[in-house]
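Student: Provided herewith: entry-v6.cif, mmCIF, N, CA and C atoms.
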data_data
#
loop_
_atom_site.group_PDB
_atom_site.id
_atom_site.type_symbol
_atom_site.label_atom_id
_atom_site.label_comp_id
_atom_site.auth_asym_id
_atom_site.auth_seq_id
_atom_site.Cartn_x
_atom_site.Cartn_y
_atom_site.Cartn_z
ATOM 1 N N MET T 171 5.813 26.876 -7.153
ATOM 2 C CA MET T 171 6.840 27.091 -8.154
ATOM 3 C C MET T 171 8.169 26.536 -7.633
ATOM 4 N N LYS T 172 8.985 26.040 -8.549
ATOM 5 C CA LYS T 172 10.249 25.432 -8.160
ATOM 6 C C LYS T 172 11.405 26.417 -8.296
ATOM 7 N N VAL T 173 12.420 26.217 -7.473
ATOM 8 C CA VAL T 173 13.645 27.007 -7.550
ATOM 9 C C VAL T 173 14.793 26.028 -7.746
ATOM 10 N N ASP T 174 15.693 26.309 -8.662
ATOM 11 C CA ASP T 174 16.816 25.425 -8.926
ATOM 12 C C ASP T 174 17.997 25.825 -8.053
ATOM 13 N N ASN T 175 18.001 25.352 -6.811
ATOM 14 C CA ASN T 175 19.085 25.664 -5.898
ATOM 15 C C ASN T 175 19.262 24.518 -4.920
ATOM 16 N N LYS T 176 20.006 23.505 -5.335
ATOM 17 C CA LYS T 176 20.166 22.295 -4.527
ATOM 18 C C LYS T 176 20.983 22.547 -3.257
ATOM 19 N N ASN T 177 21.774 23.596 -3.229
ATOM 20 C CA ASN T 177 22.539 23.910 -2.015
ATOM 21 C C ASN T 177 21.624 24.231 -0.842
ATOM 22 N N ASN T 178 20.418 24.660 -1.146
ATOM 23 C CA ASN T 178 19.474 24.978 -0.078
ATOM 24 C C ASN T 178 18.997 23.741 0.669
ATOM 25 N N ALA T 179 19.295 22.553 0.171
ATOM 26 C CA ALA T 179 18.943 21.327 0.889
ATOM 27 C C ALA T 179 19.616 21.304 2.252
ATOM 28 N N ALA T 180 20.764 21.929 2.365
ATOM 29 C CA ALA T 180 21.487 21.973 3.640
ATOM 30 C C ALA T 180 20.698 22.697 4.722
ATOM 31 N N LEU T 181 19.800 23.583 4.334
ATOM 32 C CA LEU T 181 18.972 24.286 5.316
ATOM 33 C C LEU T 181 18.093 23.310 6.091
ATOM 34 N N PHE T 182 17.717 22.216 5.452
ATOM 35 C CA PHE T 182 16.922 21.206 6.159
ATOM 36 C C PHE T 182 17.756 20.500 7.225
ATOM 37 N N GLY T 183 19.058 20.408 7.002
ATOM 38 C CA GLY T 183 19.949 19.843 8.016
ATOM 39 C C GLY T 183 19.958 20.700 9.270
ATOM 40 N N LEU T 184 19.984 21.994 9.085
ATOM 41 C CA LEU T 184 19.934 22.933 10.212
ATOM 42 C C LEU T 184 18.594 22.811 10.945
ATOM 43 N N CYS T 185 17.544 22.700 10.188
ATOM 44 C CA CYS T 185 16.212 22.554 10.765
ATOM 45 C C CYS T 185 16.112 21.249 11.565
ATOM 46 N N LYS T 186 16.674 20.179 11.031
ATOM 47 C CA LYS T 186 16.674 18.885 11.726
ATOM 48 C C LYS T 186 17.481 18.972 13.023
ATOM 49 N N ALA T 187 18.652 19.581 12.953
ATOM 50 C CA ALA T 187 19.527 19.683 14.124
ATOM 51 C C ALA T 187 18.861 20.458 15.255
ATOM 52 N N SER T 188 17.991 21.379 14.905
ATOM 53 C CA SER T 188 17.303 22.172 15.923
ATOM 54 C C SER T 188 16.040 21.473 16.437
ATOM 55 N N GLY T 189 15.724 20.308 15.885
ATOM 56 C CA GLY T 189 14.554 19.562 16.330
ATOM 57 C C GLY T 189 13.242 20.054 15.755
ATOM 58 N N ASN T 190 13.297 20.737 14.626
ATOM 59 C CA ASN T 190 12.102 21.323 14.018
ATOM 60 C C ASN T 190 11.722 20.713 12.679
ATOM 61 N N LEU T 191 12.077 19.426 12.479
ATOM 62 C CA LEU T 191 11.793 18.778 11.205
ATOM 63 C C LEU T 191 11.203 17.398 11.441
ATOM 64 N N ILE T 192 10.127 17.104 10.742
ATOM 65 C CA ILE T 192 9.527 15.770 10.743
ATOM 66 C C ILE T 192 9.701 15.227 9.332
ATOM 67 N N GLN T 193 10.223 14.003 9.232
ATOM 68 C CA GLN T 193 10.563 13.423 7.936
ATOM 69 C C GLN T 193 9.719 12.203 7.627
ATOM 70 N N GLY T 194 9.238 12.130 6.397
ATOM 71 C CA GLY T 194 8.545 10.937 5.934
ATOM 72 C C GLY T 194 7.032 11.031 6.028
ATOM 73 N N PHE T 195 6.376 10.292 5.137
ATOM 74 C CA PHE T 195 4.922 10.338 5.021
ATOM 75 C C PHE T 195 4.230 9.979 6.337
ATOM 76 N N ASP T 196 4.541 8.814 6.885
ATOM 77 C CA ASP T 196 3.841 8.340 8.082
ATOM 78 C C ASP T 196 3.996 9.294 9.258
ATOM 79 N N ALA T 197 5.221 9.727 9.522
ATOM 80 C CA ALA T 197 5.474 10.622 10.655
ATOM 81 C C ALA T 197 4.750 11.955 10.481
ATOM 82 N N VAL T 198 4.724 12.477 9.266
ATOM 83 C CA VAL T 198 4.056 13.754 9.012
ATOM 84 C C VAL T 198 2.543 13.606 9.171
ATOM 85 N N VAL T 199 1.990 12.522 8.650
ATOM 86 C CA VAL T 199 0.541 12.306 8.772
ATOM 87 C C VAL T 199 0.145 12.152 10.240
ATOM 88 N N ILE T 200 0.933 11.425 11.021
ATOM 89 C CA ILE T 200 0.643 11.277 12.453
ATOM 90 C C ILE T 200 0.577 12.648 13.121
ATOM 91 N N GLU T 201 1.530 13.512 12.798
ATOM 92 C CA GLU T 201 1.529 14.859 13.388
ATOM 93 C C GLU T 201 0.335 15.682 12.901
ATOM 94 N N LEU T 202 -0.002 15.565 11.623
ATOM 95 C CA LEU T 202 -1.131 16.330 11.084
ATOM 96 C C LEU T 202 -2.464 15.883 11.660
ATOM 97 N N LYS T 203 -2.554 14.644 12.092
ATOM 98 C CA LYS T 203 -3.804 14.128 12.653
ATOM 99 C C LYS T 203 -4.030 14.577 14.098
ATOM 100 N N LYS T 204 -3.002 15.115 14.728
ATOM 101 C CA LYS T 204 -3.156 15.591 16.104
ATOM 102 C C LYS T 204 -4.082 16.805 16.131
ATOM 103 N N GLU T 205 -4.813 16.924 17.227
ATOM 104 C CA GLU T 205 -5.756 18.039 17.349
ATOM 105 C C GLU T 205 -5.050 19.383 17.217
ATOM 106 N N HIS T 206 -3.899 19.518 17.858
ATOM 107 C CA HIS T 206 -3.115 20.750 17.785
ATOM 108 C C HIS T 206 -1.765 20.434 17.151
ATOM 109 N N THR T 207 -1.751 20.354 15.836
ATOM 110 C CA THR T 207 -0.517 20.015 15.125
ATOM 111 C C THR T 207 0.525 21.116 15.267
ATOM 112 N N LYS T 208 1.791 20.707 15.271
ATOM 113 C CA LYS T 208 2.895 21.672 15.342
ATOM 114 C C LYS T 208 3.402 22.048 13.947
ATOM 115 N N VAL T 209 2.899 21.415 12.896
ATOM 116 C CA VAL T 209 3.412 21.630 11.541
ATOM 117 C C VAL T 209 3.069 23.034 11.056
ATOM 118 N N SER T 210 4.110 23.763 10.670
ATOM 119 C CA SER T 210 3.936 25.106 10.109
ATOM 120 C C SER T 210 3.834 25.068 8.592
ATOM 121 N N GLY T 211 4.514 24.119 7.976
ATOM 122 C CA GLY T 211 4.494 23.991 6.525
ATOM 123 C C GLY T 211 5.178 22.707 6.099
ATOM 124 N N ILE T 212 4.899 22.278 4.865
ATOM 125 C CA ILE T 212 5.429 21.021 4.339
ATOM 126 C C ILE T 212 6.096 21.287 2.999
ATOM 127 N N PHE T 213 7.252 20.654 2.811
ATOM 128 C CA PHE T 213 7.981 20.732 1.549
ATOM 129 C C PHE T 213 8.071 19.334 0.940
ATOM 130 N N LEU T 214 7.865 19.258 -0.375
ATOM 131 C CA LEU T 214 7.892 17.988 -1.090
ATOM 132 C C LEU T 214 9.036 17.984 -2.094
ATOM 133 N N ALA T 215 9.767 16.887 -2.131
ATOM 134 C CA ALA T 215 10.865 16.739 -3.093
ATOM 135 C C ALA T 215 10.314 16.740 -4.517
ATOM 136 N N SER T 216 11.144 17.157 -5.440
ATOM 137 C CA SER T 216 10.708 17.269 -6.838
ATOM 138 C C SER T 216 10.360 15.923 -7.455
ATOM 139 N N ASP T 217 10.938 14.830 -6.951
ATOM 140 C CA ASP T 217 10.681 13.514 -7.529
ATOM 141 C C ASP T 217 9.741 12.655 -6.675
ATOM 142 N N LEU T 218 9.012 13.286 -5.756
ATOM 143 C CA LEU T 218 8.002 12.578 -4.975
ATOM 144 C C LEU T 218 6.867 12.163 -5.908
ATOM 145 N N SER T 219 6.299 10.992 -5.684
ATOM 146 C CA SER T 219 5.220 10.507 -6.555
ATOM 147 C C SER T 219 3.977 11.384 -6.406
ATOM 148 N N SER T 220 3.210 11.467 -7.470
ATOM 149 C CA SER T 220 1.989 12.268 -7.441
ATOM 150 C C SER T 220 0.976 11.670 -6.460
ATOM 151 N N LYS T 221 0.988 10.368 -6.282
ATOM 152 C CA LYS T 221 0.099 9.709 -5.314
ATOM 153 C C LYS T 221 0.419 10.177 -3.887
ATOM 154 N N SER T 222 1.699 10.177 -3.534
ATOM 155 C CA SER T 222 2.094 10.641 -2.200
ATOM 156 C C SER T 222 1.771 12.112 -2.015
ATOM 157 N N GLU T 223 1.992 12.903 -3.050
ATOM 158 C CA GLU T 223 1.680 14.332 -2.964
ATOM 159 C C GLU T 223 0.188 14.544 -2.726
ATOM 160 N N LYS T 224 -0.634 13.832 -3.466
ATOM 161 C CA LYS T 224 -2.084 13.963 -3.319
ATOM 162 C C LYS T 224 -2.517 13.606 -1.895
ATOM 163 N N GLU T 225 -1.963 12.529 -1.355
ATOM 164 C CA GLU T 225 -2.342 12.078 -0.023
ATOM 165 C C GLU T 225 -1.898 13.065 1.058
ATOM 166 N N ILE T 226 -0.668 13.565 0.963
ATOM 167 C CA ILE T 226 -0.184 14.490 1.988
ATOM 168 C C ILE T 226 -0.948 15.813 1.906
ATOM 169 N N ARG T 227 -1.283 16.253 0.702
ATOM 170 C CA ARG T 227 -2.070 17.483 0.553
ATOM 171 C C ARG T 227 -3.463 17.322 1.176
ATOM 172 N N PHE T 228 -4.031 16.130 1.071
ATOM 173 C CA PHE T 228 -5.340 15.856 1.672
ATOM 174 C C PHE T 228 -5.306 16.111 3.179
ATOM 175 N N PHE T 229 -4.310 15.551 3.851
ATOM 176 C CA PHE T 229 -4.198 15.729 5.304
ATOM 177 C C PHE T 229 -3.825 17.165 5.675
ATOM 178 N N ALA T 230 -2.954 17.782 4.882
ATOM 179 C CA ALA T 230 -2.509 19.149 5.168
ATOM 180 C C ALA T 230 -3.657 20.146 5.034
ATOM 181 N N GLU T 231 -4.505 19.966 4.036
ATOM 182 C CA GLU T 231 -5.620 20.888 3.826
ATOM 183 C C GLU T 231 -6.576 20.880 5.011
ATOM 184 N N LYS T 232 -6.728 19.738 5.662
ATOM 185 C CA LYS T 232 -7.616 19.652 6.828
ATOM 186 C C LYS T 232 -7.147 20.550 7.971
ATOM 187 N N LYS T 233 -5.843 20.803 8.025
ATOM 188 C CA LYS T 233 -5.266 21.634 9.084
ATOM 189 C C LYS T 233 -4.832 23.000 8.570
ATOM 190 N N ASP T 234 -5.171 23.306 7.320
ATOM 191 C CA ASP T 234 -4.798 24.571 6.694
ATOM 192 C C ASP T 234 -3.282 24.793 6.717
ATOM 193 N N VAL T 235 -2.541 23.724 6.418
ATOM 194 C CA VAL T 235 -1.081 23.772 6.361
ATOM 195 C C VAL T 235 -0.659 23.853 4.891
ATOM 196 N N HIS T 236 0.212 24.786 4.570
ATOM 197 C CA HIS T 236 0.678 24.970 3.194
ATOM 198 C C HIS T 236 1.671 23.880 2.808
ATOM 199 N N VAL T 237 1.559 23.445 1.553
ATOM 200 C CA VAL T 237 2.446 22.418 1.003
ATOM 201 C C VAL T 237 3.120 23.006 -0.226
ATOM 202 N N HIS T 238 4.443 22.835 -0.314
ATOM 203 C CA HIS T 238 5.215 23.388 -1.429
ATOM 204 C C HIS T 238 6.077 22.295 -2.048
ATOM 205 N N ARG T 239 6.057 22.213 -3.372
ATOM 206 C CA ARG T 239 6.983 21.323 -4.065
ATOM 207 C C ARG T 239 8.236 22.132 -4.345
ATOM 208 N N ILE T 240 9.390 21.554 -4.024
ATOM 209 C CA ILE T 240 10.664 22.253 -4.203
ATOM 210 C C ILE T 240 11.524 21.504 -5.218
ATOM 211 N N ASN T 241 12.488 22.181 -5.781
ATOM 212 C CA ASN T 241 13.342 21.575 -6.799
ATOM 213 C C ASN T 241 14.585 20.952 -6.156
ATOM 214 N N ILE T 242 14.337 20.079 -5.205
ATOM 215 C CA ILE T 242 15.393 19.298 -4.573
ATOM 216 C C ILE T 242 14.950 17.846 -4.618
ATOM 217 N N ARG T 243 15.812 16.990 -5.131
ATOM 218 C CA ARG T 243 15.474 15.573 -5.278
ATOM 219 C C ARG T 243 15.704 14.816 -3.968
ATOM 220 N N MET T 244 15.044 13.672 -3.850
ATOM 221 C CA MET T 244 15.180 12.846 -2.651
ATOM 222 C C MET T 244 16.623 12.404 -2.421
ATOM 223 N N ASP T 245 17.382 12.175 -3.471
ATOM 224 C CA ASP T 245 18.796 11.807 -3.325
ATOM 225 C C ASP T 245 19.572 12.908 -2.611
ATOM 226 N N ASN T 246 19.295 14.148 -2.950
ATOM 227 C CA ASN T 246 19.978 15.274 -2.307
ATOM 228 C C ASN T 246 19.537 15.430 -0.853
ATOM 229 N N ILE T 247 18.268 15.191 -0.590
ATOM 230 C CA ILE T 247 17.775 15.238 0.787
ATOM 231 C C ILE T 247 18.451 14.146 1.610
ATOM 232 N N GLU T 248 18.583 12.969 1.035
ATOM 233 C CA GLU T 248 19.218 11.845 1.737
ATOM 234 C C GLU T 248 20.672 12.158 2.098
ATOM 235 N N LYS T 249 21.382 12.836 1.225
ATOM 236 C CA LYS T 249 22.778 13.194 1.509
ATOM 237 C C LYS T 249 22.890 14.099 2.736
ATOM 238 N N ILE T 250 21.933 14.969 2.927
ATOM 239 C CA ILE T 250 21.963 15.913 4.042
ATOM 240 C C ILE T 250 21.393 15.298 5.322
ATOM 241 N N LEU T 251 20.245 14.639 5.200
ATOM 242 C CA LEU T 251 19.515 14.166 6.382
ATOM 243 C C LEU T 251 19.781 12.708 6.740
ATOM 244 N N LYS T 252 20.494 12.000 5.874
ATOM 245 C CA LYS T 252 20.811 10.585 6.095
ATOM 246 C C LYS T 252 19.555 9.714 6.116
ATOM 247 N N LYS T 253 18.507 10.175 5.459
ATOM 248 C CA LYS T 253 17.271 9.412 5.312
ATOM 249 C C LYS T 253 16.654 9.792 3.979
ATOM 250 N N ARG T 254 16.304 8.793 3.189
ATOM 251 C CA ARG T 254 15.675 9.066 1.897
ATOM 252 C C ARG T 254 14.187 9.325 2.128
ATOM 253 N N THR T 255 13.801 10.547 1.870
ATOM 254 C CA THR T 255 12.401 10.935 2.026
ATOM 255 C C THR T 255 12.081 12.075 1.073
ATOM 256 N N GLY T 256 10.823 12.205 0.761
ATOM 257 C CA GLY T 256 10.401 13.297 -0.108
ATOM 258 C C GLY T 256 9.416 14.224 0.565
ATOM 259 N N ILE T 257 9.131 13.966 1.852
ATOM 260 C CA ILE T 257 8.164 14.772 2.584
ATOM 261 C C ILE T 257 8.824 15.300 3.852
ATOM 262 N N LEU T 258 8.890 16.614 3.956
ATOM 263 C CA LEU T 258 9.549 17.277 5.080
ATOM 264 C C LEU T 258 8.596 18.300 5.684
ATOM 265 N N ALA T 259 8.234 18.091 6.945
ATOM 266 C CA ALA T 259 7.349 19.026 7.645
ATOM 267 C C ALA T 259 8.167 19.825 8.649
ATOM 268 N N VAL T 260 7.982 21.124 8.634
ATOM 269 C CA VAL T 260 8.708 22.026 9.522
ATOM 270 C C VAL T 260 7.772 22.448 10.649
ATOM 271 N N THR T 261 8.258 22.349 11.900
ATOM 272 C CA THR T 261 7.412 22.638 13.054
ATOM 273 C C THR T 261 7.680 24.001 13.693
ATOM 274 N N SER T 262 8.624 24.721 13.177
ATOM 275 C CA SER T 262 8.921 26.067 13.674
ATOM 276 C C SER T 262 8.466 27.080 12.628
ATOM 277 N N SER T 263 7.655 28.039 13.045
ATOM 278 C CA SER T 263 7.175 29.030 12.077
ATOM 279 C C SER T 263 8.314 29.877 11.516
ATOM 280 N N SER T 264 9.336 30.149 12.320
ATOM 281 C CA SER T 264 10.460 30.955 11.816
ATOM 282 C C SER T 264 11.308 30.157 10.822
ATOM 283 N N PHE T 265 11.550 28.877 11.104
ATOM 284 C CA PHE T 265 12.268 28.042 10.133
ATOM 285 C C PHE T 265 11.450 27.883 8.851
ATOM 286 N N TYR T 266 10.149 27.686 9.005
ATOM 287 C CA TYR T 266 9.296 27.535 7.829
ATOM 288 C C TYR T 266 9.362 28.780 6.946
ATOM 289 N N LYS T 267 9.261 29.952 7.561
ATOM 290 C CA LYS T 267 9.326 31.199 6.784
ATOM 291 C C LYS T 267 10.680 31.328 6.080
ATOM 292 N N MET T 268 11.766 31.019 6.789
ATOM 293 C CA MET T 268 13.097 31.120 6.183
ATOM 294 C C MET T 268 13.215 30.169 4.992
ATOM 295 N N LEU T 269 12.800 28.912 5.176
ATOM 296 C CA LEU T 269 12.875 27.934 4.092
ATOM 297 C C LEU T 269 11.998 28.324 2.923
ATOM 298 N N LYS T 270 10.796 28.770 3.213
ATOM 299 C CA LYS T 270 9.881 29.199 2.142
ATOM 300 C C LYS T 270 10.481 30.359 1.366
ATOM 301 N N ASP T 271 11.026 31.340 2.069
ATOM 302 C CA ASP T 271 11.620 32.497 1.401
ATOM 303 C C ASP T 271 12.818 32.102 0.530
ATOM 304 N N LYS T 272 13.605 31.119 0.977
ATOM 305 C CA LYS T 272 14.781 30.688 0.209
ATOM 306 C C LYS T 272 14.421 29.771 -0.952
ATOM 307 N N LEU T 273 13.393 28.919 -0.770
ATOM 308 C CA LEU T 273 13.124 27.853 -1.725
ATOM 309 C C LEU T 273 11.984 28.140 -2.695
ATOM 310 N N ILE T 274 11.099 29.025 -2.342
ATOM 311 C CA ILE T 274 9.908 29.280 -3.156
ATOM 312 C C ILE T 274 9.959 30.677 -3.722
ATOM 313 N N ARG T 275 9.849 30.756 -5.018
ATOM 314 C CA ARG T 275 9.796 32.055 -5.703
ATOM 315 C C ARG T 275 8.432 32.167 -6.357
ATOM 316 N N THR T 276 7.746 33.256 -6.093
ATOM 317 C CA THR T 276 6.408 33.406 -6.681
ATOM 318 C C THR T 276 6.421 34.369 -7.831
#
As a first step, turn the structure in this file into structure tokens.
Tutor:
Amino acid sequence: MKVDNKNNAALFGLCKASGNLIQGFDAVVIELKKEHTKVSGIFLASDLSSKSEKEIRFFAEKKDVHVHRINIRMDNIEKILKKRTGILAVTSSSFYKMLKDKLIRT
């Protein structure tokens, strides 16, 4: 489910600064293919293509990693992280829980 709160994009900046964020399809897939992946969860931008979403979900399911689509566009992510991407993997379980609690409403 999506949440309309673009200010929460700044939380990814904090996650990046702490070294707990992997950005982009290729980098996330490389991490997911490792025997002992560090990925706690994955967030997808609202305007990510359905093809990219399908592919990242395929790799994430193999490692039992949760994937969430959020209501933050790639343009907003780029403003915070200085990189245009729609796939953000969090490697800290505490950061993942905080982001999930702020961004996902069930």
Student: Enclose stretch 241-254 of chain T, meaning all of its atoms listed in the file, in a box aligned along x, y and z, pad it by 8 Å on each side, and list the centre and edge lengths in Å to one decimal, as JSON.
Tutor:
{"center_x": 17.7, "center_y": 15.5, "center_z": 0.0, "size_x": 26.4, "size_y": 29.4, "size_z": 29.5}
Student: For the provided coordinates, the residues matched by the PyMOL selection byres ((chain T and resi 245-251) around 7) should be stated as a list of chain:residue names.
Tutor: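 Selected by the PyMOL selection byres ((chain T and resi 245-251) around 7) in this file: T:Ala179, T:Ala180, T:Phe182, T:Gly183, T:Ile242, T:Arg243, T:Met244, T:Lys252, T:Lys253, T:Arg254, T:Thr255.
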Student: Give me, as a tab-separated table, each residue of stretch 222-245 of chain T that comes within 8 Å of stretch 188-208 of chain T, together with its shortest interatomic pair and the distance in Å at one decimal, counting only C-alpha atoms, with rows ordered by chain and rising residue number.
Tutor:
residue	atom	partner	partner_atom	distance
T:Ser222	CA	T:Phe195	CA	7.8
T:Ile226	CA	T:Val199	CA	7.2
T:Phe229	CA	T:Leu202	CA	6.6
T:Ala230	CA	T:Leu202	CA	6.7
T:Lys233	CA	T:Leu202	CA	7.0
Student: For T:Ile240, which residue out of T:Leu258, T:Leu273, T:Met268, T:Val209 is the nearest one, using all atoms listed in the file?
Tutor: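 Closest residue, counting all atoms listed in the file: T:Leu273.
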Student: Can you tell me, as a list of chain:residue names, which residues in stretch 223-252 of chain T count as helix (DSSP H, G or I) by DSSP?
Tutor: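 Of stretch 223-252 of chain T, the ones in helix (DSSP H, G or I) are T:Glu223, T:Lys224, T:Glu225, T:Ile226, T:Arg227, T:Phe228, T:Phe229, T:Ala230, T:Glu231, T:Lys232, T:Met244, T:Asp245, T:Asn246, T:Ile247, T:Glu248, T:Lys249, T:Ile250, T:Leu251.
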Student: Neighbours of T:Ile212 within 8 Å (all atoms listed in the file; same-chain residues fewer than 5 positions away dropped), as a PyMOL selection string?
Tutor: chain T and resi 235-240+257-261+266
Student: Rounded to one decimal in Å, what is the spacing between atom CA of T:Ser263 and atom CA of T:Ala215?
Tutor: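 Straight-line distance from atom CA of T:Ser263 to atom CA of T:Ala215 works out to 19.9 Å.
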